[in-house]
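**Student:** Structure file work.txt, compact mmCIF, N, CA and C atoms, is pasted below:
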```txt
# COMPACT_ATOMS: atom_id res chain seq x y z
N MET A 615 93.20 159.42 174.45
CA MET A 615 92.23 158.34 174.55
C MET A 615 92.91 156.98 174.33
N LEU A 616 93.78 156.88 173.31
CA LEU A 616 94.41 155.60 173.01
C LEU A 616 95.38 155.14 174.08
N LYS A 617 95.83 156.05 174.94
CA LYS A 617 96.82 155.66 175.94
C LYS A 617 96.28 154.63 176.92
N PHE A 618 94.95 154.52 177.03
CA PHE A 618 94.33 153.55 177.92
C PHE A 618 94.01 152.23 177.23
N LEU A 619 94.26 152.16 175.92
CA LEU A 619 93.84 151.00 175.13
C LEU A 619 95.03 150.26 174.54
N SER A 620 94.87 148.94 174.39
CA SER A 620 95.90 148.16 173.70
C SER A 620 95.43 147.78 172.30
N LYS A 621 94.10 147.69 172.09
CA LYS A 621 93.55 147.35 170.78
C LYS A 621 92.24 148.08 170.54
N VAL A 622 92.02 148.42 169.27
CA VAL A 622 90.74 148.98 168.84
C VAL A 622 90.37 148.25 167.56
N ARG A 623 89.15 147.76 167.50
CA ARG A 623 88.65 147.09 166.29
C ARG A 623 87.34 147.77 165.90
N ILE A 624 87.33 148.29 164.68
CA ILE A 624 86.15 148.99 164.18
C ILE A 624 85.60 148.19 163.00
N GLU A 625 84.33 147.81 163.11
CA GLU A 625 83.69 147.01 162.07
C GLU A 625 82.49 147.76 161.50
N PHE A 626 82.41 147.81 160.18
CA PHE A 626 81.28 148.46 159.53
C PHE A 626 81.19 148.06 158.07
N ASN A 627 80.01 148.24 157.52
CA ASN A 627 79.79 148.07 156.09
C ASN A 627 79.82 149.47 155.48
N ALA A 628 80.67 149.68 154.49
CA ALA A 628 80.83 151.01 153.91
C ALA A 628 79.54 151.55 153.28
N LEU A 629 78.62 150.67 152.94
CA LEU A 629 77.36 151.11 152.33
C LEU A 629 76.25 151.31 153.36
N ASP A 630 76.53 151.02 154.61
CA ASP A 630 75.54 151.14 155.67
C ASP A 630 75.37 152.61 156.05
N PRO A 631 74.13 153.12 156.04
CA PRO A 631 73.93 154.53 156.40
C PRO A 631 74.18 154.82 157.88
N ARG A 632 74.35 153.78 158.71
CA ARG A 632 74.56 153.96 160.15
C ARG A 632 76.03 154.02 160.53
N LEU A 633 76.94 154.22 159.58
CA LEU A 633 78.36 154.11 159.86
C LEU A 633 79.01 155.40 160.36
N ALA A 634 78.27 156.48 160.51
CA ALA A 634 78.85 157.78 160.88
C ALA A 634 79.68 157.72 162.15
N SER A 635 79.16 157.10 163.19
CA SER A 635 79.87 157.03 164.46
C SER A 635 81.18 156.26 164.32
N SER A 636 81.14 155.17 163.56
CA SER A 636 82.34 154.36 163.35
C SER A 636 83.42 155.17 162.63
N MET A 637 83.01 155.90 161.60
CA MET A 637 83.97 156.69 160.83
C MET A 637 84.56 157.83 161.66
N GLU A 638 83.72 158.45 162.46
CA GLU A 638 84.21 159.54 163.32
C GLU A 638 85.20 159.00 164.36
N PHE A 639 84.87 157.84 164.93
CA PHE A 639 85.76 157.25 165.93
C PHE A 639 87.08 156.84 165.28
N LEU A 640 87.02 156.29 164.07
CA LEU A 640 88.24 155.93 163.34
C LEU A 640 89.10 157.16 163.10
N ALA A 641 88.47 158.26 162.72
CA ALA A 641 89.21 159.51 162.51
C ALA A 641 89.88 159.96 163.80
N GLN A 642 89.19 159.83 164.93
CA GLN A 642 89.78 160.21 166.22
C GLN A 642 90.97 159.32 166.55
N CYS A 643 90.87 158.03 166.23
CA CYS A 643 91.97 157.09 166.51
C CYS A 643 93.18 157.37 165.62
N ASN A 644 92.92 157.84 164.41
CA ASN A 644 94.00 158.10 163.46
C ASN A 644 94.62 159.48 163.61
N ALA A 645 94.07 160.29 164.49
CA ALA A 645 94.62 161.63 164.72
C ALA A 645 96.04 161.52 165.27
N ARG A 646 96.90 162.44 164.86
CA ARG A 646 98.31 162.41 165.26
C ARG A 646 98.47 162.39 166.78
N LYS A 647 97.72 163.22 167.47
CA LYS A 647 97.83 163.31 168.93
C LYS A 647 97.45 161.99 169.59
N ALA A 648 96.40 161.35 169.09
CA ALA A 648 95.97 160.07 169.66
C ALA A 648 97.03 159.00 169.43
N LYS A 649 97.58 158.94 168.24
CA LYS A 649 98.60 157.93 167.94
C LYS A 649 99.86 158.15 168.77
N GLU A 650 100.22 159.41 168.99
CA GLU A 650 101.41 159.71 169.80
C GLU A 650 101.21 159.33 171.26
N SER A 651 99.96 159.34 171.73
CA SER A 651 99.71 159.01 173.14
C SER A 651 99.96 157.52 173.42
N ASN A 652 99.84 156.67 172.39
CA ASN A 652 100.11 155.24 172.57
C ASN A 652 100.39 154.61 171.20
N PRO A 653 101.63 154.69 170.72
CA PRO A 653 101.95 154.13 169.41
C PRO A 653 101.77 152.61 169.35
N ALA A 654 101.77 151.92 170.48
CA ALA A 654 101.64 150.47 170.50
C ALA A 654 100.20 149.99 170.34
N CYS A 655 99.24 150.89 170.46
CA CYS A 655 97.83 150.51 170.33
C CYS A 655 97.55 150.09 168.89
N GLN A 656 96.97 148.88 168.74
CA GLN A 656 96.64 148.37 167.42
C GLN A 656 95.23 148.81 167.04
N VAL A 657 95.13 149.53 165.94
CA VAL A 657 93.83 149.95 165.42
C VAL A 657 93.57 149.16 164.15
N THR A 658 92.53 148.32 164.17
CA THR A 658 92.19 147.53 162.99
C THR A 658 90.78 147.87 162.52
N VAL A 659 90.61 147.81 161.22
CA VAL A 659 89.32 148.10 160.62
C VAL A 659 88.88 146.86 159.86
N LYS A 660 87.65 146.42 160.12
CA LYS A 660 87.08 145.29 159.38
C LYS A 660 85.91 145.82 158.57
N ARG A 661 86.09 145.81 157.27
CA ARG A 661 85.01 146.24 156.38
C ARG A 661 84.14 145.03 156.09
N ARG A 662 82.89 145.16 156.45
CA ARG A 662 81.95 144.04 156.31
C ARG A 662 81.13 144.20 155.03
N THR A 663 80.59 143.08 154.58
CA THR A 663 79.73 143.10 153.40
C THR A 663 78.32 142.62 153.73
N ASP A 664 78.08 142.33 155.00
CA ASP A 664 76.76 141.86 155.42
C ASP A 664 75.99 142.99 156.11
N ASP A 665 74.85 142.66 156.70
CA ASP A 665 74.02 143.66 157.36
C ASP A 665 74.34 143.83 158.84
N HIS A 666 75.44 143.27 159.30
CA HIS A 666 75.82 143.39 160.72
C HIS A 666 75.96 144.87 161.06
N PRO A 667 75.38 145.31 162.18
CA PRO A 667 75.48 146.73 162.52
C PRO A 667 76.92 147.13 162.85
N PRO A 668 77.26 148.39 162.59
CA PRO A 668 78.61 148.85 162.91
C PRO A 668 78.88 148.71 164.41
N GLN A 669 80.09 148.27 164.74
CA GLN A 669 80.44 148.15 166.16
C GLN A 669 81.92 148.47 166.37
N ILE A 670 82.21 148.90 167.57
CA ILE A 670 83.57 149.25 167.96
C ILE A 670 83.92 148.43 169.19
N THR A 671 85.01 147.68 169.12
CA THR A 671 85.48 146.87 170.24
C THR A 671 86.82 147.41 170.69
N VAL A 672 86.92 147.73 171.97
CA VAL A 672 88.18 148.24 172.52
C VAL A 672 88.68 147.29 173.60
N THR A 673 89.99 147.15 173.67
CA THR A 673 90.61 146.36 174.73
C THR A 673 91.48 147.32 175.54
N PHE A 674 91.17 147.43 176.82
CA PHE A 674 91.93 148.31 177.70
C PHE A 674 93.28 147.68 178.03
N VAL A 675 94.21 148.48 178.53
CA VAL A 675 95.55 148.00 178.82
C VAL A 675 95.56 146.91 179.89
N ASN A 676 94.49 146.83 180.70
CA ASN A 676 94.42 145.77 181.72
C ASN A 676 93.77 144.50 181.18
N GLY A 677 93.45 144.46 179.86
CA GLY A 677 92.90 143.27 179.23
C GLY A 677 91.39 143.22 179.14
N VAL A 678 90.69 144.15 179.76
CA VAL A 678 89.24 144.17 179.72
C VAL A 678 88.78 144.63 178.34
N GLU A 679 87.86 143.86 177.76
CA GLU A 679 87.36 144.18 176.42
C GLU A 679 85.93 144.68 176.51
N GLU A 680 85.61 145.69 175.72
CA GLU A 680 84.26 146.24 175.72
C GLU A 680 83.84 146.52 174.28
N THR A 681 82.61 146.18 173.96
CA THR A 681 82.08 146.39 172.62
C THR A 681 80.96 147.42 172.66
N PHE A 682 81.02 148.37 171.74
CA PHE A 682 80.01 149.43 171.66
C PHE A 682 79.22 149.28 170.37
N ASP A 683 77.92 149.50 170.47
CA ASP A 683 77.05 149.51 169.29
C ASP A 683 77.19 150.89 168.66
N ALA A 684 77.86 150.95 167.53
CA ALA A 684 78.14 152.24 166.90
C ALA A 684 76.94 152.82 166.16
N THR A 685 75.84 152.09 166.11
CA THR A 685 74.64 152.65 165.47
C THR A 685 73.90 153.57 166.42
N SER A 686 73.95 153.28 167.71
CA SER A 686 73.17 154.06 168.66
C SER A 686 74.02 154.87 169.63
N THR A 687 75.35 154.73 169.55
CA THR A 687 76.22 155.46 170.47
C THR A 687 77.12 156.40 169.67
N PRO A 688 77.00 157.71 169.89
CA PRO A 688 77.87 158.65 169.17
C PRO A 688 79.34 158.44 169.54
N ALA A 689 80.22 158.74 168.60
CA ALA A 689 81.66 158.55 168.81
C ALA A 689 82.15 159.33 170.03
N GLN A 690 81.62 160.52 170.23
CA GLN A 690 82.05 161.33 171.38
C GLN A 690 81.68 160.66 172.70
N ASP A 691 80.53 159.99 172.75
CA ASP A 691 80.12 159.27 173.96
C ASP A 691 81.04 158.08 174.21
N ILE A 692 81.42 157.38 173.15
CA ILE A 692 82.34 156.25 173.29
C ILE A 692 83.68 156.75 173.81
N ARG A 693 84.15 157.85 173.24
CA ARG A 693 85.42 158.44 173.67
C ARG A 693 85.35 158.84 175.15
N SER A 694 84.26 159.46 175.54
CA SER A 694 84.09 159.88 176.94
C SER A 694 84.10 158.68 177.89
N MET A 695 83.42 157.60 177.49
CA MET A 695 83.40 156.39 178.33
C MET A 695 84.81 155.79 178.46
N ILE A 696 85.56 155.81 177.38
CA ILE A 696 86.94 155.29 177.42
C ILE A 696 87.80 156.14 178.34
N LEU A 697 87.68 157.46 178.24
CA LEU A 697 88.47 158.34 179.10
C LEU A 697 88.10 158.16 180.56
N GLU A 698 86.81 158.01 180.84
CA GLU A 698 86.36 157.81 182.22
C GLU A 698 86.93 156.51 182.80
N LYS A 699 86.85 155.44 182.03
CA LYS A 699 87.39 154.16 182.51
C LYS A 699 88.91 154.22 182.61
N GLY A 700 89.53 154.97 181.72
CA GLY A 700 90.98 155.13 181.76
C GLY A 700 91.44 155.85 183.02
N GLN A 701 90.70 156.87 183.41
CA GLN A 701 91.03 157.58 184.64
C GLN A 701 90.87 156.66 185.84
N PHE A 702 89.86 155.81 185.80
CA PHE A 702 89.66 154.83 186.86
C PHE A 702 90.87 153.88 186.92
N LEU A 703 91.35 153.43 185.76
CA LEU A 703 92.51 152.54 185.71
C LEU A 703 93.76 153.23 186.27
N GLU A 704 93.93 154.51 185.92
CA GLU A 704 95.08 155.27 186.45
C GLU A 704 95.01 155.38 187.96
N THR A 705 93.83 155.63 188.49
CA THR A 705 93.65 155.74 189.94
C THR A 705 93.96 154.41 190.60
N GLU A 706 93.44 153.33 190.03
CA GLU A 706 93.69 152.00 190.57
C GLU A 706 95.19 151.70 190.58
N GLN A 707 95.86 152.01 189.50
CA GLN A 707 97.31 151.76 189.42
C GLN A 707 98.07 152.57 190.45
N MET A 708 97.66 153.83 190.64
CA MET A 708 98.31 154.70 191.62
C MET A 708 98.18 154.11 193.02
N PHE A 709 97.00 153.63 193.39
CA PHE A 709 96.81 153.04 194.71
C PHE A 709 97.63 151.76 194.87
N ARG A 710 97.65 150.93 193.84
CA ARG A 710 98.40 149.67 193.92
C ARG A 710 99.90 149.93 194.05
N GLU A 711 100.40 150.93 193.31
CA GLU A 711 101.82 151.27 193.40
C GLU A 711 102.18 151.80 194.79
N ALA A 712 101.22 152.44 195.45
CA ALA A 712 101.44 152.98 196.79
C ALA A 712 101.27 151.91 197.86
N GLY A 713 100.93 150.67 197.43
CA GLY A 713 100.76 149.59 198.38
C GLY A 713 99.42 149.56 199.08
N GLU A 714 98.47 150.30 198.54
CA GLU A 714 97.14 150.35 199.14
C GLU A 714 96.26 149.27 198.51
N LYS A 715 95.26 148.82 199.27
CA LYS A 715 94.30 147.85 198.74
C LYS A 715 93.41 148.53 197.72
N TRP A 716 92.93 147.75 196.78
CA TRP A 716 91.99 148.27 195.79
C TRP A 716 90.86 147.28 195.66
N PRO A 717 89.64 147.69 195.64
CA PRO A 717 89.17 149.07 195.71
C PRO A 717 89.23 149.60 197.14
N VAL A 718 89.31 150.91 197.23
CA VAL A 718 89.33 151.57 198.53
C VAL A 718 87.91 151.54 199.09
N ILE A 719 87.78 151.04 200.29
CA ILE A 719 86.46 150.98 200.92
C ILE A 719 86.40 152.04 202.01
N ILE A 720 85.48 152.97 201.85
CA ILE A 720 85.31 154.05 202.82
C ILE A 720 84.20 153.63 203.77
N PRO A 721 84.50 153.59 205.07
CA PRO A 721 83.47 153.21 206.03
C PRO A 721 82.25 154.13 205.95
N GLU A 722 81.08 153.55 206.14
CA GLU A 722 79.81 154.28 206.03
C GLU A 722 79.78 155.52 206.92
N GLU A 723 80.32 155.39 208.15
CA GLU A 723 80.27 156.54 209.07
C GLU A 723 81.14 157.70 208.57
N GLU A 724 82.22 157.39 207.84
CA GLU A 724 83.06 158.47 207.31
C GLU A 724 82.38 159.19 206.15
N ILE A 725 81.57 158.48 205.42
CA ILE A 725 80.88 159.09 204.28
C ILE A 725 79.91 160.17 204.76
N HIS A 726 79.30 159.94 205.91
CA HIS A 726 78.30 160.88 206.42
C HIS A 726 78.87 161.93 207.37
N MET A 727 80.17 161.93 207.58
CA MET A 727 80.79 162.93 208.45
C MET A 727 80.82 164.27 207.73
N PRO A 728 80.64 165.36 208.48
CA PRO A 728 80.72 166.68 207.83
C PRO A 728 82.16 166.97 207.41
N ALA A 729 82.30 167.62 206.31
CA ALA A 729 83.64 167.98 205.81
C ALA A 729 84.16 169.15 206.63
N PRO A 730 85.45 169.17 206.90
CA PRO A 730 85.99 170.31 207.66
C PRO A 730 85.86 171.58 206.83
N GLY A 731 85.43 172.63 207.47
CA GLY A 731 85.24 173.90 206.76
C GLY A 731 86.54 174.61 206.51
N THR A 732 86.58 175.39 205.49
CA THR A 732 87.74 176.24 205.22
C THR A 732 87.28 177.68 205.28
N LYS A 733 88.08 178.49 205.92
CA LYS A 733 87.71 179.88 206.12
C LYS A 733 88.64 180.74 205.27
N PRO A 734 88.10 181.58 204.39
CA PRO A 734 88.97 182.41 203.57
C PRO A 734 89.73 183.43 204.43
N ARG A 735 90.98 183.65 204.04
CA ARG A 735 91.78 184.61 204.80
C ARG A 735 91.35 186.02 204.46
N LYS A 736 91.51 186.89 205.44
CA LYS A 736 91.17 188.29 205.23
C LYS A 736 92.26 188.94 204.39
N ALA A 737 91.96 190.06 203.81
CA ALA A 737 92.90 190.77 202.94
C ALA A 737 94.18 191.14 203.69
N GLU A 738 94.08 191.54 204.99
CA GLU A 738 95.27 191.92 205.75
C GLU A 738 96.20 190.73 205.94
N GLU A 739 95.63 189.54 206.18
CA GLU A 739 96.44 188.36 206.41
C GLU A 739 97.19 187.94 205.15
N LYS A 740 96.61 188.20 203.99
CA LYS A 740 97.23 187.84 202.71
C LYS A 740 98.47 188.67 202.44
N LYS A 741 98.48 189.95 202.88
CA LYS A 741 99.61 190.85 202.61
C LYS A 741 100.87 190.41 203.32
N GLN A 742 100.75 189.79 204.48
CA GLN A 742 101.91 189.42 205.29
C GLN A 742 102.58 188.27 204.71
```
Could you write out this structure as structure tokens?
**Tutor:**
Amino acid sequence: MLKFLSKVRIEFNALDPRLASSMEFLAQCNARKAKESNPACQVTVKRRTDDHPPQITVTFVNGVEETFDATSTPAQDIRSMILEKGQFLETEQMFREAGEKWPVIIPEEEIHMPAPGTKPRKAEEKKQ
């Protein structure tokens, strides 16, 4: 998960009963596997003393910043959203490295074309 991020900022009040998601996300960020995936990712924790709701702010490697409300969003959902956006970033980078335009625009008529069928081979053909 951290391999797609350059910064993570987790803010919460330790006495706030809504901090579960923040703590779980912090634990995921501090996991050995996550840290090994991107040692350069900065994970900072801001312990608050006011009534501000817990929040998690992530900065992706392309500079895009996103803030999640940790009171209403489970840590697993935040992680899933990060992974989904990360896969999108990887795809974008792959196309750019190949010299293709991004985003890829598929003509409307191609979207509605039938997909070519695949026919399974018979058992005799597999033996040869």
**Student:** Let me make sure I understand: among A:Leu633, A:Val659, A:Leu703, A:Ile692, which one has the smallest atom-to-atom distance to A:Val675 if we use only C-alpha atoms?
**Tutor:** A:Leu703
**Student:** Could you list as a PDB file with N, CA and C atoms, in the coordinates of the input every residue that has an atom within 8 Å of (90.7, 151.9, 167.4), using the file's coordinates and counting only N, CA and C atoms?
**Tutor:**
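The file below, selection-v8.pdb, is the result:
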```pdb
ATOM      1  N   LEU A 616      93.780 156.880 173.310  1.00  0.00           N
ATOM      2  CA  LEU A 616      94.410 155.600 173.010  1.00  0.00           C
ATOM      3  C   LEU A 616      95.380 155.140 174.080  1.00  0.00           C
ATOM      4  N   SER A 620      94.870 148.940 174.390  1.00  0.00           N
ATOM      5  CA  SER A 620      95.900 148.160 173.700  1.00  0.00           C
ATOM      6  C   SER A 620      95.430 147.780 172.300  1.00  0.00           C
ATOM      7  N   LYS A 621      94.100 147.690 172.090  1.00  0.00           N
ATOM      8  CA  LYS A 621      93.550 147.350 170.780  1.00  0.00           C
ATOM      9  C   LYS A 621      92.240 148.080 170.540  1.00  0.00           C
ATOM     10  N   VAL A 622      92.020 148.420 169.270  1.00  0.00           N
ATOM     11  CA  VAL A 622      90.740 148.980 168.840  1.00  0.00           C
ATOM     12  C   VAL A 622      90.370 148.250 167.560  1.00  0.00           C
ATOM     13  N   ARG A 623      89.150 147.760 167.500  1.00  0.00           N
ATOM     14  CA  ARG A 623      88.650 147.090 166.290  1.00  0.00           C
ATOM     15  C   ARG A 623      87.340 147.770 165.900  1.00  0.00           C
ATOM     16  N   ILE A 624      87.330 148.290 164.680  1.00  0.00           N
ATOM     17  CA  ILE A 624      86.150 148.990 164.180  1.00  0.00           C
ATOM     18  C   ILE A 624      85.600 148.190 163.000  1.00  0.00           C
ATOM     19  N   PHE A 639      84.870 157.840 164.930  1.00  0.00           N
ATOM     20  CA  PHE A 639      85.760 157.250 165.930  1.00  0.00           C
ATOM     21  C   PHE A 639      87.080 156.840 165.280  1.00  0.00           C
ATOM     22  N   LEU A 640      87.020 156.290 164.070  1.00  0.00           N
ATOM     23  CA  LEU A 640      88.240 155.930 163.340  1.00  0.00           C
ATOM     24  C   LEU A 640      89.100 157.160 163.100  1.00  0.00           C
ATOM     25  N   GLN A 642      89.190 159.830 164.930  1.00  0.00           N
ATOM     26  CA  GLN A 642      89.780 160.210 166.220  1.00  0.00           C
ATOM     27  C   GLN A 642      90.970 159.320 166.550  1.00  0.00           C
ATOM     28  N   CYS A 643      90.870 158.030 166.230  1.00  0.00           N
ATOM     29  CA  CYS A 643      91.970 157.090 166.510  1.00  0.00           C
ATOM     30  C   CYS A 643      93.180 157.370 165.620  1.00  0.00           C
ATOM     31  N   ASN A 644      92.920 157.840 164.410  1.00  0.00           N
ATOM     32  CA  ASN A 644      94.000 158.100 163.460  1.00  0.00           C
ATOM     33  C   ASN A 644      94.620 159.480 163.610  1.00  0.00           C
ATOM     34  N   CYS A 655      99.240 150.890 170.460  1.00  0.00           N
ATOM     35  CA  CYS A 655      97.830 150.510 170.330  1.00  0.00           C
ATOM     36  C   CYS A 655      97.550 150.090 168.890  1.00  0.00           C
ATOM     37  N   GLN A 656      96.970 148.880 168.740  1.00  0.00           N
ATOM     38  CA  GLN A 656      96.640 148.370 167.420  1.00  0.00           C
ATOM     39  C   GLN A 656      95.230 148.810 167.040  1.00  0.00           C
ATOM     40  N   VAL A 657      95.130 149.530 165.940  1.00  0.00           N
ATOM     41  CA  VAL A 657      93.830 149.950 165.420  1.00  0.00           C
ATOM     42  C   VAL A 657      93.570 149.160 164.150  1.00  0.00           C
ATOM     43  N   THR A 658      92.530 148.320 164.170  1.00  0.00           N
ATOM     44  CA  THR A 658      92.190 147.530 162.990  1.00  0.00           C
ATOM     45  C   THR A 658      90.780 147.870 162.520  1.00  0.00           C
ATOM     46  N   VAL A 659      90.610 147.810 161.220  1.00  0.00           N
ATOM     47  CA  VAL A 659      89.320 148.100 160.620  1.00  0.00           C
ATOM     48  C   VAL A 659      88.880 146.860 159.860  1.00  0.00           C
ATOM     49  N   ILE A 670      82.210 148.900 167.570  1.00  0.00           N
ATOM     50  CA  ILE A 670      83.570 149.250 167.960  1.00  0.00           C
ATOM     51  C   ILE A 670      83.920 148.430 169.190  1.00  0.00           C
ATOM     52  N   THR A 671      85.010 147.680 169.120  1.00  0.00           N
ATOM     53  CA  THR A 671      85.480 146.870 170.240  1.00  0.00           C
ATOM     54  C   THR A 671      86.820 147.410 170.690  1.00  0.00           C
ATOM     55  N   VAL A 672      86.920 147.730 171.970  1.00  0.00           N
ATOM     56  CA  VAL A 672      88.180 148.240 172.520  1.00  0.00           C
ATOM     57  C   VAL A 672      88.680 147.290 173.600  1.00  0.00           C
ATOM     58  N   THR A 673      89.990 147.150 173.670  1.00  0.00           N
ATOM     59  CA  THR A 673      90.610 146.360 174.730  1.00  0.00           C
ATOM     60  C   THR A 673      91.480 147.320 175.540  1.00  0.00           C
TER      61      THR A 673
END
```
**Student:** Please report the interatomic distance between atom CA of A:Gly677 and atom C of A:Lys617 in Å with one decimal.
**Tutor:**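 Taking atom CA of A:Gly677 and atom C of A:Lys617, their separation equals 12.1 Å.
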**Student:** Could you tell me how far atom N of A:Thr705 sits from atom CA of A:Phe674, in Å to one decimal place?
**Tutor:**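 Computing the Euclidean distance for atom CA of A:Phe674 and atom N of A:Thr705 yields 13.2 Å.
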**Student:** Quick one: DSSP strand (DSSP E) residues in stretch 642-690 of chain A, as a ChimeraX atom specification?
**Tutor:** /A:656-661,669-674,679-683
**Student:** Quick one, how far is atom CA of A:Ile725 from atom CA of A:Leu697?
**Tutor:** 26.3 Å
